[in-house]
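So this one's my_file.txt, compact mmCIF, C-alpha atoms:
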```
# COMPACT_ATOMS: atom_id res chain seq x y z
CA MET A 27 17.02 115.15 21.62
CA LYS A 28 13.47 115.64 20.50
CA ARG A 29 13.48 119.29 19.58
CA ARG A 30 15.17 121.19 16.77
CA GLN A 31 18.13 120.08 14.71
CA LYS A 32 20.72 122.44 13.24
CA ALA A 33 22.09 120.24 10.50
CA GLY A 34 20.26 122.02 7.69
CA PRO A 35 16.90 121.31 6.06
CA SER A 36 15.60 117.83 6.67
CA PRO A 37 15.26 115.77 3.48
CA ALA A 38 12.27 114.11 5.12
CA ARG A 39 10.34 117.38 4.72
CA LEU A 40 10.51 117.17 0.96
CA PRO A 41 7.25 115.59 -0.30
CA ILE A 42 8.90 114.06 -3.39
CA PRO A 43 12.68 114.53 -3.28
CA PRO A 44 14.24 114.97 -6.73
CA VAL A 45 16.57 111.99 -6.42
CA ALA A 46 16.67 108.62 -8.15
CA ASN A 47 18.56 106.82 -5.38
CA PRO A 48 17.28 107.26 -1.78
CA LEU A 49 20.83 106.66 -0.43
CA GLN A 50 21.64 110.11 -1.79
CA LEU A 51 19.63 111.41 1.18
CA GLY A 52 20.68 108.80 3.74
CA GLY A 53 20.03 105.23 4.77
CA ILE A 54 21.89 101.98 5.35
CA GLU A 55 24.62 100.33 3.29
CA THR A 56 26.03 96.93 4.28
CA SER A 57 29.52 95.70 3.49
CA VAL A 58 32.32 93.41 4.65
CA LEU A 59 35.62 94.69 6.06
CA ASP A 60 38.64 93.87 3.92
CA GLU A 61 41.64 95.05 5.94
CA PRO A 62 43.01 93.14 8.95
CA PRO A 63 42.32 92.70 11.78
CA GLY A 64 38.62 92.89 10.91
CA ARG A 65 38.77 91.14 7.53
CA GLY A 66 35.51 89.33 6.80
CA VAL A 67 33.44 91.10 9.47
CA ARG A 68 29.98 92.21 8.33
CA ILE A 69 29.10 95.85 9.00
CA ALA A 70 26.42 98.38 8.11
CA TRP A 71 27.03 102.09 7.70
CA VAL A 72 24.06 104.22 8.69
CA ASN A 73 23.66 107.81 7.47
CA THR A 74 20.81 109.84 8.99
CA GLY A 75 21.12 112.51 6.32
CA ALA A 76 21.39 115.21 9.01
CA GLY A 77 25.01 114.94 10.11
CA LEU A 78 25.03 111.75 12.21
CA ARG A 79 26.72 108.67 10.75
CA TYR A 80 27.51 105.41 12.54
CA LYS A 81 28.72 101.86 11.94
CA VAL A 82 26.76 98.84 13.16
CA VAL A 83 28.88 95.68 13.41
CA LEU A 84 26.56 92.81 12.50
CA ASP A 85 29.07 90.17 13.57
CA ARG A 86 29.58 91.73 17.00
CA GLY A 87 26.06 91.60 18.39
CA LEU A 88 24.75 94.53 16.29
CA ASP A 89 26.77 96.88 18.46
CA ILE A 90 27.72 100.36 17.23
CA VAL A 91 31.41 101.18 16.91
CA ASP A 92 32.31 104.29 14.86
CA ALA A 93 29.98 107.27 15.21
CA ASP A 94 30.53 110.85 14.07
CA PHE A 95 28.55 114.06 13.74
CA ALA A 96 29.45 116.53 10.99
CA GLY A 97 32.75 114.69 10.59
CA GLN A 98 33.67 114.82 14.31
CA SER A 99 33.97 111.56 16.23
CA LEU A 100 31.60 111.06 19.15
CA THR A 101 33.20 107.96 20.60
CA TRP A 102 36.50 106.36 21.56
CA LEU A 103 38.06 103.75 19.28
CA SER A 104 40.57 101.26 20.63
CA PRO A 105 43.91 100.64 18.87
CA GLY A 106 42.76 97.09 18.10
CA GLY A 107 39.73 98.23 16.12
CA VAL A 108 37.00 95.87 15.01
CA THR A 109 37.98 92.19 15.07
CA PRO A 110 36.00 89.05 14.16
CA PRO A 111 33.94 87.47 16.94
CA ASP A 112 35.87 84.78 18.77
CA PRO A 113 34.80 82.82 21.87
CA VAL A 114 38.44 82.67 22.96
CA PHE A 115 37.95 86.24 24.21
CA CYS A 116 35.06 85.11 26.43
CA ARG A 117 37.37 83.91 29.20
CA ASP A 118 38.50 85.73 32.33
CA ALA A 119 39.34 89.34 31.30
CA ASP A 120 40.33 88.50 27.70
CA TRP A 121 37.33 90.57 26.51
CA LEU A 122 39.68 93.57 26.85
CA SER A 123 41.98 92.21 24.12
CA ALA A 124 39.22 92.51 21.52
CA PHE A 125 37.34 95.55 22.83
CA PRO A 126 36.86 97.91 19.86
CA GLY A 127 35.53 100.73 22.01
CA GLY A 128 32.72 102.38 20.10
CA LEU A 129 29.48 104.14 20.87
CA LEU A 130 27.45 101.15 22.06
CA THR A 131 28.75 97.83 23.35
CA GLY A 132 26.25 95.41 24.88
CA CYS A 133 27.43 93.47 27.95
CA GLY A 134 25.68 90.30 29.08
CA PRO A 135 23.25 88.66 28.83
CA LEU A 136 24.10 86.20 31.62
CA ASN A 137 26.58 88.41 33.47
CA THR A 138 28.14 91.86 33.45
CA GLY A 139 31.21 93.33 35.08
CA ALA A 140 34.39 91.74 36.35
CA PRO A 141 35.31 88.06 35.93
CA SER A 142 33.91 86.02 38.82
CA ARG A 143 32.86 82.59 39.98
CA ASP A 144 29.18 82.13 40.70
CA ALA A 145 26.81 79.17 40.82
CA GLY A 146 29.69 76.75 40.29
CA ARG A 147 30.87 78.36 37.07
CA ASP A 148 33.45 80.91 35.93
CA TRP A 149 31.99 84.01 34.27
CA PRO A 150 34.08 86.23 31.95
CA LEU A 151 34.33 89.99 31.89
CA HIS A 152 31.11 91.52 30.47
CA GLY A 153 29.70 88.27 29.12
CA THR A 154 29.52 86.87 25.60
CA HIS A 155 27.25 89.28 23.68
CA SER A 156 30.08 91.19 22.01
CA HIS A 157 31.42 87.98 20.44
CA THR A 158 28.10 86.67 19.11
CA PRO A 159 27.24 87.35 15.46
CA ALA A 160 23.74 88.42 14.55
CA ARG A 161 21.70 86.10 12.35
CA ASP A 162 18.52 86.66 10.32
CA VAL A 163 19.54 90.29 9.74
CA VAL A 164 16.92 92.44 8.01
CA VAL A 165 17.70 95.90 6.66
CA VAL A 166 14.89 98.29 5.74
CA ASN A 167 15.98 101.41 3.88
CA PRO A 168 13.99 104.61 3.51
CA ASP A 169 12.26 105.56 0.30
CA PRO A 170 10.90 109.11 0.54
CA ARG A 171 9.36 108.79 -2.91
CA THR A 172 6.84 106.37 -1.40
CA GLY A 173 6.51 108.26 1.88
CA ARG A 174 8.82 106.00 3.92
CA HIS A 175 11.37 108.08 5.80
CA ASP A 176 12.24 105.52 8.49
CA PHE A 177 15.02 102.93 8.31
CA SER A 178 16.00 100.02 10.53
CA ILE A 179 18.31 97.06 11.13
CA THR A 180 17.00 94.00 12.97
CA GLY A 181 18.81 90.82 13.92
CA LEU A 182 18.83 87.85 16.27
CA ILE A 183 21.68 87.35 18.75
CA ARG A 184 21.42 83.89 20.32
CA THR A 185 23.05 82.86 23.61
CA TRP A 186 22.86 79.07 23.87
CA ARG A 187 24.54 76.20 25.62
CA PHE A 188 23.51 72.54 25.74
CA PHE A 189 22.19 71.80 29.25
CA GLY A 190 22.47 75.54 29.82
CA ALA A 191 20.65 78.79 29.17
CA HIS A 192 19.01 79.61 25.86
CA ILE A 193 18.22 83.32 25.47
CA ASP A 194 17.36 85.01 22.19
CA LEU A 195 17.92 88.74 21.78
CA HIS A 196 16.09 90.50 18.99
CA ARG A 197 17.76 93.88 18.54
CA THR A 198 16.28 96.59 16.35
CA ILE A 199 18.10 99.85 15.58
CA ARG A 200 15.82 102.49 14.09
CA GLY A 201 16.22 105.96 12.66
CA ARG A 202 14.53 108.52 10.49
CA LEU A 203 15.94 110.69 7.72
CA GLY A 204 16.67 114.15 8.98
CA ARG A 205 16.85 113.18 12.67
CA ASN A 206 20.11 112.67 14.54
CA VAL A 207 18.64 110.01 16.80
CA ILE A 208 19.54 106.33 17.25
CA ALA A 209 16.60 104.40 18.72
CA VAL A 210 17.32 100.88 19.97
CA GLU A 211 15.01 98.13 21.17
CA ASP A 212 16.44 94.99 22.80
CA VAL A 213 13.96 92.17 23.42
CA PHE A 214 15.19 89.10 25.31
CA THR A 215 13.23 85.84 25.23
CA ASN A 216 13.95 82.87 27.47
CA GLN A 217 13.66 79.94 25.07
CA ASP A 218 14.66 77.44 27.76
CA ASP A 219 12.33 75.34 29.93
CA ARG A 220 13.85 76.74 33.13
CA PRO A 221 14.18 80.23 34.62
CA VAL A 222 17.36 82.06 33.58
CA GLU A 223 19.28 84.58 35.67
CA MET A 224 20.55 87.42 33.52
CA ALA A 225 22.02 90.92 33.47
CA TRP A 226 22.32 93.60 30.80
CA LEU A 227 24.61 96.63 30.57
CA LEU A 228 25.10 99.25 27.85
CA HIS A 229 28.72 100.41 27.53
CA ILE A 230 28.16 103.83 25.88
CA ASN A 231 31.66 105.18 25.27
CA PHE A 232 32.84 108.70 24.47
CA GLY A 233 36.19 110.09 23.38
CA TYR A 234 37.91 113.12 21.87
CA PRO A 235 36.80 115.54 20.43
CA LEU A 236 33.42 115.14 22.14
CA LEU A 237 35.32 114.67 25.41
CA GLU A 238 37.65 117.66 25.45
CA PRO A 239 39.63 118.73 28.53
CA GLY A 240 38.35 121.98 29.97
CA ALA A 241 35.30 122.03 27.68
CA SER A 242 33.29 118.84 28.27
CA GLU A 243 31.34 117.34 31.13
CA PHE A 244 29.12 114.39 31.89
CA CYS A 245 25.54 115.38 32.66
CA TYR A 246 23.40 113.47 35.16
CA CYS A 247 21.69 114.00 38.48
CA GLY A 248 20.75 111.79 41.39
CA THR A 249 22.59 110.02 44.19
CA VAL A 250 26.18 109.10 43.30
CA ARG A 251 27.65 106.00 44.96
CA PRO A 252 31.35 105.56 44.20
CA ARG A 253 32.95 102.16 43.92
CA ALA A 254 35.29 101.46 46.85
CA ASP A 255 38.40 102.40 44.83
CA SER A 256 36.91 105.71 43.63
CA VAL A 257 35.62 107.47 46.76
CA GLU A 258 38.38 110.10 46.60
CA TRP A 259 37.30 111.16 43.10
CA PHE A 260 33.54 111.35 43.53
CA VAL A 261 33.47 113.87 46.37
CA GLU A 262 30.76 116.45 47.01
CA GLY A 263 31.94 119.84 45.75
CA ARG A 264 34.54 118.34 43.44
CA PRO A 265 33.99 118.71 39.65
CA PHE A 266 33.99 114.95 39.06
CA ARG A 267 31.72 115.29 36.03
CA LYS A 268 34.13 117.56 34.16
CA VAL A 269 36.67 116.11 31.75
CA PRO A 270 40.24 116.73 32.99
CA ARG A 271 43.54 116.63 31.19
CA PRO A 272 45.18 113.19 30.92
CA LEU A 273 46.15 111.96 34.38
CA ALA A 274 49.37 110.23 35.38
CA ALA A 275 47.34 108.30 37.94
CA HIS A 276 45.41 106.72 35.07
CA ARG A 277 48.42 105.16 33.40
CA GLY A 278 47.86 101.46 32.82
CA GLY A 279 44.68 100.37 34.56
CA GLY A 280 43.95 103.57 36.48
CA GLU A 281 40.25 104.44 36.45
CA VAL A 282 37.35 105.66 38.55
CA PHE A 283 33.77 104.44 38.62
CA ALA A 284 30.53 105.31 40.38
CA TYR A 285 26.95 104.09 40.35
CA VAL A 286 24.27 106.72 39.95
CA ASP A 287 20.72 106.36 41.21
CA PRO A 288 19.37 108.78 38.60
CA ALA A 289 16.43 111.11 38.92
CA ALA A 290 13.58 110.08 36.64
CA SER A 291 10.34 111.57 35.37
CA ARG A 292 6.97 110.30 36.54
CA ASP A 293 6.90 107.77 33.71
CA GLY A 294 10.38 106.52 34.61
CA GLN A 295 12.37 108.28 31.89
CA VAL A 296 16.00 109.14 32.61
CA LEU A 297 18.02 111.76 30.77
CA CYS A 298 21.82 111.88 30.87
CA GLY A 299 24.61 112.67 28.45
CA VAL A 300 27.69 114.71 27.58
CA VAL A 301 28.07 118.37 26.64
CA ASN A 302 31.04 120.01 24.95
CA ARG A 303 30.59 123.71 25.70
CA ARG A 304 33.33 124.89 23.34
CA ARG A 305 31.78 123.10 20.36
CA GLY A 306 28.19 123.67 21.45
CA LEU A 307 27.53 119.95 21.12
CA ALA A 308 25.17 117.81 23.21
CA LEU A 309 24.89 114.03 23.17
CA SER A 310 21.95 112.67 25.13
CA VAL A 311 21.01 109.20 26.33
CA ARG A 312 17.40 108.49 27.25
CA TYR A 313 16.09 105.28 28.79
CA ASN A 314 13.60 103.99 31.33
CA LYS A 315 14.70 103.50 34.92
CA ARG A 316 12.27 100.60 35.32
CA GLU A 317 14.31 98.76 32.70
CA PHE A 318 17.77 99.92 33.83
CA PRO A 319 17.63 100.60 37.60
CA ARG A 320 21.09 102.17 37.80
CA LEU A 321 23.58 104.17 35.75
CA GLY A 322 27.35 103.80 35.77
CA ASN A 323 29.89 106.56 35.12
CA TRP A 324 33.29 105.16 34.12
CA GLN A 325 36.27 107.46 33.58
CA HIS A 326 39.75 106.52 32.35
CA TRP A 327 41.89 109.54 31.48
CA GLY A 328 44.94 107.68 30.20
CA PRO A 329 47.82 109.84 28.90
CA SER A 330 48.70 107.49 26.03
CA GLY A 331 45.48 107.85 24.04
CA ALA A 332 43.24 105.66 26.17
CA PHE A 333 41.29 108.81 27.00
CA VAL A 334 37.75 107.58 27.42
CA GLY A 335 34.64 107.91 29.55
CA ALA A 336 31.33 106.12 29.51
CA LEU A 337 27.75 106.26 30.72
CA GLU A 338 26.37 102.79 31.39
CA PRO A 339 22.68 102.06 31.99
CA MET A 340 22.61 98.65 33.67
CA THR A 341 20.51 96.09 35.49
CA GLY A 342 23.38 94.58 37.49
CA GLY A 343 26.78 95.90 38.46
CA VAL A 344 30.45 95.77 37.54
CA GLU A 345 32.09 93.94 40.45
CA GLY A 346 31.12 90.47 39.24
CA ARG A 347 28.15 88.13 39.10
CA HIS A 348 28.67 86.83 42.63
CA VAL A 349 28.41 90.41 43.93
CA ASP A 350 25.23 90.98 41.91
CA ARG A 351 23.78 87.89 43.54
CA GLN A 352 24.65 89.17 47.02
CA ARG A 353 23.02 92.53 46.25
CA GLY A 354 19.95 90.99 44.63
CA TRP A 355 20.74 92.64 41.31
CA LEU A 356 20.38 89.59 39.03
CA MET A 357 17.18 89.44 36.97
CA THR A 358 15.24 86.20 36.61
CA LEU A 359 13.49 85.54 33.31
CA PRO A 360 10.91 82.71 33.49
CA PRO A 361 10.57 80.19 30.62
CA GLY A 362 8.91 81.67 27.56
CA ARG A 363 8.88 85.20 29.00
CA GLN A 364 10.36 88.35 27.49
CA ARG A 365 12.24 91.36 28.83
CA ARG A 366 12.28 94.55 26.74
CA PHE A 367 14.72 97.47 26.87
CA THR A 368 14.23 100.64 24.83
CA TYR A 369 16.62 103.56 24.71
CA GLN A 370 17.92 106.26 22.41
CA ILE A 371 21.13 108.16 21.74
CA ALA A 372 20.85 111.58 20.11
CA VAL A 373 23.19 114.39 19.14
CA SER A 374 22.34 118.07 18.76
CA THR A 375 23.83 121.54 18.44
CA ASP A 376 20.60 123.22 19.51
CA LYS A 377 21.24 125.57 22.42
CA ALA A 378 18.06 124.44 24.16
CA ASP A 379 19.26 120.84 24.11
CA VAL A 380 22.65 121.88 25.49
CA ARG A 381 20.95 123.81 28.29
CA GLU A 382 18.65 120.89 29.10
CA LEU A 383 21.60 118.60 29.76
CA LEU A 384 23.63 121.20 31.66
CA ALA A 385 20.62 121.87 33.89
CA LEU A 386 21.02 118.34 35.27
CA ASN A 387 24.38 119.29 36.78
CA ALA A 388 22.89 122.39 38.39
CA ARG A 389 20.67 120.25 40.58
CA PRO A 390 21.84 119.18 44.05
CA THR A 391 24.03 116.07 44.12
CA LYS A 392 24.13 113.62 46.98
CA ILE A 393 27.11 111.32 47.52
CA GLY A 394 26.07 108.01 49.04
CA ARG A 395 27.56 104.62 49.81
CA LEU A 396 27.08 101.21 48.29
```

Write out the structure in this file as structure tokens.
Amino acid sequence: MKRRQKAGPSPARLPIPPVANPLQLGGIETSVLDEPPGRGVRIAWVNTGAGLRYKVVLDRGLDIVDADFAGQSLTWLSPGGVTPPDPVFCRDADWLSAFPGGLLTGCGPLNTGAPSRDAGRDWPLHGTHSHTPARDVVVVNPDPRTGRHDFSITGLIRTWRFFGAHIDLHRTIRGRLGRNVIAVEDVFTNQDDRPVEMAWLLHINFGYPLLEPGASEFCYCGTVRPRADSVEWFVEGRPFRKVPRPLAAHRGGGEVFAYVDPAASRDGQVLCGVVNRRRGLALSVRYNKREFPRLGNWQHWGPSGAFVGALEPMTGGVEGRHVDRQRGWLMTLPPGRQRRFTYQIAVSTDKADVRELLALNARPTKIGRL
């Protein structure tokens, strides 16, 4: 959200804050987890100084796991929690055994979606990014005494195989004291001497209390195209965006999913998110449709605590790499070329921001087919 914040006075407005340690106002603190199962995993806690706090896992592709606003969780956390990166989970659907949940999980970069066989090779669920540690990590903390209110974490996530693809991802996560905004830039570079086919998906996950039955709803507009197993859920006139109570039909692997061809502004910007009306809380996601052509809405209302929904900007799809090839959804990155993705996640209690997201759901919705 780009307008007002209601988390109190912004420390960034103070010309010379009366503090000796800038972390008193906010910033980044790195550490290593001590308790199993995540013992030895490098993390970074980020405090915006305005109510938003989140945990970047350096050893899991610089993804964001825990995230809370004013002490209330924004995301869903799996029972397994954060675990060390391990290529053993990059086979078939074993990715699910080490899925921490969390606010932002990158999927790719060579494939997204279900396990499949394509181009003479087996591809695992959601690719290898989540099990690749970042290297060359650089942390820049704010120092308001010198006029620097911005902070950032940058790292290199390398996907490499001898006689195979070599793609470098430089991810930068930026913020500013006093603003409840997470700005992310992902820049992929093909370091190989051949073109590389790739795909990229952002698994942006939400859970209780942000997702609260009877109070919360997903916010997006455009043409909704349900996956074949979800056509009975995404029906015109049905409140498929609203968060229901836990569903018996979602025990085990029960879920629904739809692609959204989202409406965009003239410059390609897409707005979507989640609103909790009871708490007056809005979480927005902004990105460019030219970078992510489609948006996924995944819902799994499990009665045993696996109560989670996600919005997923993506370049490919979720049925497997071979299906992406059939649909023409794989990207090709020539040797030496780059592909850049920029997006932001923001949280706000400003009524205008809540209304802006809810207005998306007031627009006409069209249900289409794949």

With all atoms listed in the file as the counted atoms, please give the residues lying no more than 9 Å from A:Arg117, apart from itself and same-chain residues fewer than 4 positions off, as a VMD selection string. chain A and resid 113 121 141 148 to 151 153

Contact residues around A:Cys247 with all atoms listed in the file at 8 Å, ignoring same-chain residues under 6 positions, as a count of residues only: 9

Option closest in space to A:Arg147, from A:Gly107, A:Ala290, A:His348, A:Gly331 [counting only C-alpha atoms]: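 Among A:Gly107, A:Ala290, A:His348, A:Gly331, it is A:His348 that comes nearest to A:Arg147.
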
Could you jot down the atom CA of A:Tyr80 to atom CA of A:Ile371 separation for me, Å, one decimal place?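 Calculated distance between atom CA of A:Tyr80 and atom CA of A:Ile371 is 11.5 Å.
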
For A:Gly173, which of A:Arg202, A:Gly322, A:Leu236, A:Ile208 is the closest residue, counting all atoms listed in the file?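 Checking each candidate against A:Gly173, we get A:Arg202 as the closest.
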
Exercise: A:Cys133 partners within 9 Å, all atoms listed in the file, chain neighbours under 5 positions left out, as a VMD selection string: chain A and resid 138 to 139 151 to 156 225 to 229

For stretch 138-153 of chain A, I'd like the enclosing box, axis-aligned and padded by 4 Å on every side, reported as AutoDock Vina command-line options with centre and edge lengths in Å to one decimal.
```
--center_x 31.1 --center_y 85.0 --center_z 35.0 --size_x 16.5 --size_y 24.6 --size_z 19.7
```
